Amino acid sequence: MILVNGFSNATVSALDRGLTLGDGLFTTLHLKKQTPVLWSYHTQRIANGCEKLKLPVPDFDSLYEQCCELAAAVADDNVCGKIIVTRGCGGRGYSPLGCDQSTTIVSAHAYPAHYHDWQSTGVALGVADQRLGWQPMLAGLKTLNRLEQVLLKKEAQAKGWLEALVTDVQGSVVEGVSSNCFIRINDQWITPELRYNGVHGVMRAHILSLMQQNHISCEQRCIEMDQIAHI
């Protein structure tokens with residue numbers, strides 16, 4: 001089930017900039033017992049992204065209700081939700097002038113059954129040959145343009161991996177194709193700082209918060225591949 005601007009019978013225009021230019025952002029979330037998990041992290045992520053992209057911040061109370069409504073329709077204790085915010089429609093070209101109404105799309109889907117298996121058995125992991133470019137303007141954001149991740153996922157699948165560790169153009173570790181990473185080196189937890197690329201994931205933020213609360217040190221800094229080659 002999908003809600004567009006809060007309506008189940010609405011459609012997205014073929015001229016929506018989210019489709020034509022990837023002009024927008026999204027977040028995926030866990031809906032447990034019809035309730036969004038880590039909701040404050042998701043709203044903060046959307047708000048921060050909207051501020052950087054100069055998008056109107058959506059009504060989070062309305063989005064919360066929509067998520068709960070869709071989770072109830074799926075009728076499962078564990079549901080995967082997705083919230084998309086686009087700049088909406090406007091004139092042709094790159095200029096956002098005339099884009100007076102943003103678009104929100106909320107959807108709910110069956111929770112991936114393999115997640116539980118991954119938690120208990122781990123995943124087959126490799127290091128991707130393809131690399132992420134640097135783009136400080138968009139670093140940390142989960143924009144609608146995921147073409148790098150599409151190509152990286154295709155590479156991982158071709159090599160039989162469930163996930164791939166991805167480096168940047170200088171060979172520094174950034175993240176997984178669809179995940180953030182924490183690496184333990186010499187009894188010290190480290191996570192890439194994501195200054196030039198990558199996604200500030202909700203679970204990454206939650207784990208960093210838990211580490212701080214439990215007085216577990218975690219550095220956010222550059223990690224070179226040769227530092228983890230023999231871990």
# chains A, B, ... in the order shown; residues from 1 in each chain; ligands from 1

call {"tool": "residues_around", "arguments": {"residues": "Arg221 (chain A)", "least_positions_apart": "2", "cutoff": "9 Å", "atoms": "only C-alpha atoms", "output": "ChimeraX atom specification"}}
result
/A:190-194,219,223

call {"tool": "residues_around", "arguments": {"residues": "Val79 (chain A)", "least_positions_apart": "2", "cutoff": "7 Å", "atoms": "only C-alpha atoms", "output": "mmCIF file with N, CA, C and O atoms, in the first residue's frame"}}
result
data_model
loop_
_atom_site.group_PDB
_atom_site.id
_atom_site.type_symbol
_atom_site.label_atom_id
_atom_site.label_comp_id
_atom_site.auth_asym_id
_atom_site.auth_seq_id
_atom_site.Cartn_x
_atom_site.Cartn_y
_atom_site.Cartn_z
ATOM 1 N N HIS A 30 11.864 0.673 10.239
ATOM 2 C CA HIS A 30 11.240 -0.517 10.784
ATOM 3 C C HIS A 30 9.951 -0.118 11.495
ATOM 4 O O HIS A 30 9.967 0.760 12.363
ATOM 5 N N LEU A 31 8.851 -0.732 11.107
ATOM 6 C CA LEU A 31 7.568 -0.514 11.778
ATOM 7 C C LEU A 31 7.271 -1.764 12.594
ATOM 8 O O LEU A 31 6.959 -2.819 12.047
ATOM 9 N N LYS A 32 7.412 -1.655 13.896
ATOM 10 C CA LYS A 32 7.226 -2.810 14.785
ATOM 11 C C LYS A 32 5.932 -2.646 15.560
ATOM 12 O O LYS A 32 5.737 -1.638 16.256
ATOM 13 N N ALA A 71 1.226 0.254 8.218
ATOM 14 C CA ALA A 71 1.669 -0.929 8.956
ATOM 15 C C ALA A 71 0.477 -1.776 9.368
ATOM 16 O O ALA A 71 0.524 -3.009 9.325
ATOM 17 N N ASP A 76 1.176 -7.172 10.089
ATOM 18 C CA ASP A 76 2.294 -7.976 10.556
ATOM 19 C C ASP A 76 2.999 -7.185 11.644
ATOM 20 O O ASP A 76 3.035 -5.957 11.603
ATOM 21 N N ASP A 77 3.568 -7.891 12.628
ATOM 22 C CA ASP A 77 4.256 -7.192 13.714
ATOM 23 C C ASP A 77 5.515 -6.478 13.234
ATOM 24 O O ASP A 77 5.958 -5.506 13.843
ATOM 25 N N GLY A 81 9.032 0.126 6.234
ATOM 26 C CA GLY A 81 8.409 1.333 5.709
ATOM 27 C C GLY A 81 9.412 2.193 4.953
ATOM 28 O O GLY A 81 10.624 2.068 5.141
ATOM 29 N N ALA A 108 4.638 0.821 2.620
ATOM 30 C CA ALA A 108 4.943 -0.247 3.583
ATOM 31 C C ALA A 108 5.082 -1.556 2.831
ATOM 32 O O ALA A 108 4.345 -1.825 1.866
ATOM 33 N N HIS A 109 6.013 -2.378 3.283
ATOM 34 C CA HIS A 109 6.331 -3.619 2.589
ATOM 35 C C HIS A 109 6.615 -4.713 3.611
ATOM 36 O O HIS A 109 6.887 -4.429 4.782
ATOM 37 N N ALA A 110 6.576 -5.943 3.150
ATOM 38 C CA ALA A 110 6.880 -7.072 4.031
ATOM 39 C C ALA A 110 8.312 -6.944 4.556
ATOM 40 O O ALA A 110 9.220 -6.538 3.821
ATOM 41 N N TYR A 111 8.509 -7.260 5.811
ATOM 42 C CA TYR A 111 9.840 -7.194 6.417
ATOM 43 C C TYR A 111 10.709 -8.295 5.826
ATOM 44 O O TYR A 111 10.301 -9.458 5.772
#

call {"tool": "closest_residue", "arguments": {"among": "A:Lys142, A:His116, A:Arg92, A:Lys33", "to": "Leu53 (chain A)", "atoms": "only C-alpha atoms"}}
result
A:Lys142

call {"tool": "select_by_dssp", "arguments": {"residues": "region 2-74 of chain A", "states": "strand (DSSP E or B)", "output": "mmCIF file with N, CA, C and O atoms, in the first residue's frame"}}
result
data_model
loop_
_atom_site.group_PDB
_atom_site.id
_atom_site.type_symbol
_atom_site.label_atom_id
_atom_site.label_comp_id
_atom_site.auth_asym_id
_atom_site.auth_seq_id
_atom_site.Cartn_x
_atom_site.Cartn_y
_atom_site.Cartn_z
ATOM 1 N N ILE A 2 0.456 2.256 -0.748
ATOM 2 C CA ILE A 2 1.238 3.472 -0.897
ATOM 3 C C ILE A 2 0.335 4.687 -0.729
ATOM 4 O O ILE A 2 -0.787 4.730 -1.247
ATOM 5 N N LEU A 3 0.839 5.677 -0.008
ATOM 6 C CA LEU A 3 0.130 6.938 0.148
ATOM 7 C C LEU A 3 0.960 8.049 -0.489
ATOM 8 O O LEU A 3 2.146 8.197 -0.188
ATOM 9 N N VAL A 4 0.332 8.808 -1.374
ATOM 10 C CA VAL A 4 0.980 9.956 -2.004
ATOM 11 C C VAL A 4 0.333 11.220 -1.459
ATOM 12 O O VAL A 4 -0.872 11.426 -1.641
ATOM 13 N N PHE A 7 -2.801 10.390 0.428
ATOM 14 C CA PHE A 7 -3.968 9.780 -0.214
ATOM 15 C C PHE A 7 -3.592 8.469 -0.881
ATOM 16 O O PHE A 7 -2.576 8.370 -1.567
ATOM 17 N N GLY A 24 15.334 14.898 -4.336
ATOM 18 C CA GLY A 24 14.620 14.558 -3.112
ATOM 19 C C GLY A 24 15.454 13.619 -2.260
ATOM 20 O O GLY A 24 16.627 13.364 -2.537
ATOM 21 N N LEU A 25 14.824 13.111 -1.233
ATOM 22 C CA LEU A 25 15.525 12.225 -0.301
ATOM 23 C C LEU A 25 14.551 11.186 0.242
ATOM 24 O O LEU A 25 13.349 11.269 0.019
ATOM 25 N N PHE A 26 15.104 10.211 0.961
ATOM 26 C CA PHE A 26 14.227 9.183 1.532
ATOM 27 C C PHE A 26 14.851 8.572 2.767
ATOM 28 O O PHE A 26 16.045 8.742 3.038
ATOM 29 N N THR A 27 14.039 7.866 3.503
ATOM 30 C CA THR A 27 14.502 7.077 4.629
ATOM 31 C C THR A 27 13.680 5.805 4.682
ATOM 32 O O THR A 27 12.502 5.799 4.319
ATOM 33 N N THR A 28 14.300 4.721 5.078
ATOM 34 C CA THR A 28 13.584 3.460 5.277
ATOM 35 C C THR A 28 13.582 3.158 6.763
ATOM 36 O O THR A 28 14.559 3.441 7.472
ATOM 37 N N LEU A 29 12.497 2.570 7.241
ATOM 38 C CA LEU A 29 12.355 2.386 8.677
ATOM 39 C C LEU A 29 11.655 1.083 9.019
ATOM 40 O O LEU A 29 10.949 0.492 8.193
ATOM 41 N N HIS A 30 11.864 0.673 10.239
ATOM 42 C CA HIS A 30 11.240 -0.517 10.784
ATOM 43 C C HIS A 30 9.951 -0.118 11.495
ATOM 44 O O HIS A 30 9.967 0.760 12.363
ATOM 45 N N LEU A 31 8.851 -0.732 11.107
ATOM 46 C CA LEU A 31 7.568 -0.514 11.778
ATOM 47 C C LEU A 31 7.271 -1.764 12.594
ATOM 48 O O LEU A 31 6.959 -2.819 12.047
ATOM 49 N N LYS A 32 7.412 -1.655 13.896
ATOM 50 C CA LYS A 32 7.226 -2.810 14.785
ATOM 51 C C LYS A 32 5.932 -2.646 15.560
ATOM 52 O O LYS A 32 5.737 -1.638 16.256
ATOM 53 N N THR A 35 4.201 0.568 14.912
ATOM 54 C CA THR A 35 4.803 1.780 15.451
ATOM 55 C C THR A 35 6.188 1.984 14.828
ATOM 56 O O THR A 35 6.999 1.059 14.814
ATOM 57 N N PRO A 36 6.485 3.180 14.314
ATOM 58 C CA PRO A 36 7.811 3.439 13.747
ATOM 59 C C PRO A 36 8.908 3.350 14.814
ATOM 60 O O PRO A 36 8.801 3.960 15.880
#

call {"tool": "closest_residue", "arguments": {"among": "A:Val123, A:Val106, A:Leu132, A:Leu38", "to": "Arg204 (chain A)", "atoms": "only C-alpha atoms"}}
result
A:Leu38

call {"tool": "decode", "arguments": {"residues": "region 98-113 of chain A", "atoms": "N, CA, C and O atoms", "output": "CSV table (one decimal), in the first residue's frame"}}
result
chain,number,residue,atom,x,y,z
A,98,GLY,N,9.4,27.8,-9.0
A,98,GLY,CA,8.1,27.4,-9.4
A,98,GLY,C,7.7,26.1,-8.7
A,98,GLY,O,6.6,25.6,-8.9
A,99,CYS,N,8.6,25.5,-7.9
A,99,CYS,CA,8.3,24.2,-7.2
A,99,CYS,C,7.6,24.6,-5.9
A,99,CYS,O,8.3,24.8,-4.9
A,100,ASP,N,6.3,24.8,-5.9
A,100,ASP,CA,5.7,25.3,-4.7
A,100,ASP,C,5.1,24.3,-3.8
A,100,ASP,O,4.8,24.6,-2.6
A,101,GLN,N,5.0,23.0,-4.2
A,101,GLN,CA,4.4,22.0,-3.4
A,101,GLN,C,5.3,20.7,-3.5
A,101,GLN,O,5.4,20.1,-4.6
A,102,SER,N,5.9,20.3,-2.4
A,102,SER,CA,6.7,19.1,-2.4
A,102,SER,C,5.7,17.9,-2.4
A,102,SER,O,4.5,18.0,-2.2
A,103,THR,N,6.3,16.7,-2.7
A,103,THR,CA,5.6,15.5,-2.8
A,103,THR,C,6.1,14.5,-1.7
A,103,THR,O,7.3,14.4,-1.5
A,104,THR,N,5.2,13.9,-0.9
A,104,THR,CA,5.6,12.9,0.0
A,104,THR,C,5.0,11.5,-0.4
A,104,THR,O,3.8,11.5,-0.8
A,105,ILE,N,5.8,10.5,-0.3
A,105,ILE,CA,5.3,9.2,-0.7
A,105,ILE,C,5.7,8.3,0.5
A,105,ILE,O,6.8,8.1,0.9
A,106,VAL,N,4.7,7.6,1.1
A,106,VAL,CA,4.9,6.7,2.2
A,106,VAL,C,4.4,5.3,1.8
A,106,VAL,O,3.3,5.2,1.3
A,107,SER,N,5.2,4.3,1.9
A,107,SER,CA,4.9,3.0,1.6
A,107,SER,C,5.3,2.0,2.6
A,107,SER,O,6.1,2.3,3.5
A,108,ALA,N,4.6,0.8,2.6
A,108,ALA,CA,4.9,-0.2,3.6
A,108,ALA,C,5.1,-1.6,2.8
A,108,ALA,O,4.3,-1.8,1.9
A,109,HIS,N,6.0,-2.4,3.3
A,109,HIS,CA,6.3,-3.6,2.6
A,109,HIS,C,6.6,-4.7,3.6
A,109,HIS,O,6.9,-4.4,4.8
A,110,ALA,N,6.6,-5.9,3.1
A,110,ALA,CA,6.9,-7.1,4.0
A,110,ALA,C,8.3,-6.9,4.6
A,110,ALA,O,9.2,-6.5,3.8
A,111,TYR,N,8.5,-7.3,5.8
A,111,TYR,CA,9.8,-7.2,6.4
A,111,TYR,C,10.7,-8.3,5.8
A,111,TYR,O,10.3,-9.5,5.8
A,112,PRO,N,11.9,-8.0,5.3
A,112,PRO,CA,12.8,-9.0,4.7
A,112,PRO,C,13.1,-10.2,5.7
A,112,PRO,O,13.7,-9.9,6.7
A,113,ALA,N,12.7,-11.4,5.3
A,113,ALA,CA,12.8,-12.5,6.2
A,113,ALA,C,14.3,-12.8,6.5
A,113,ALA,O,14.7,-13.4,7.5
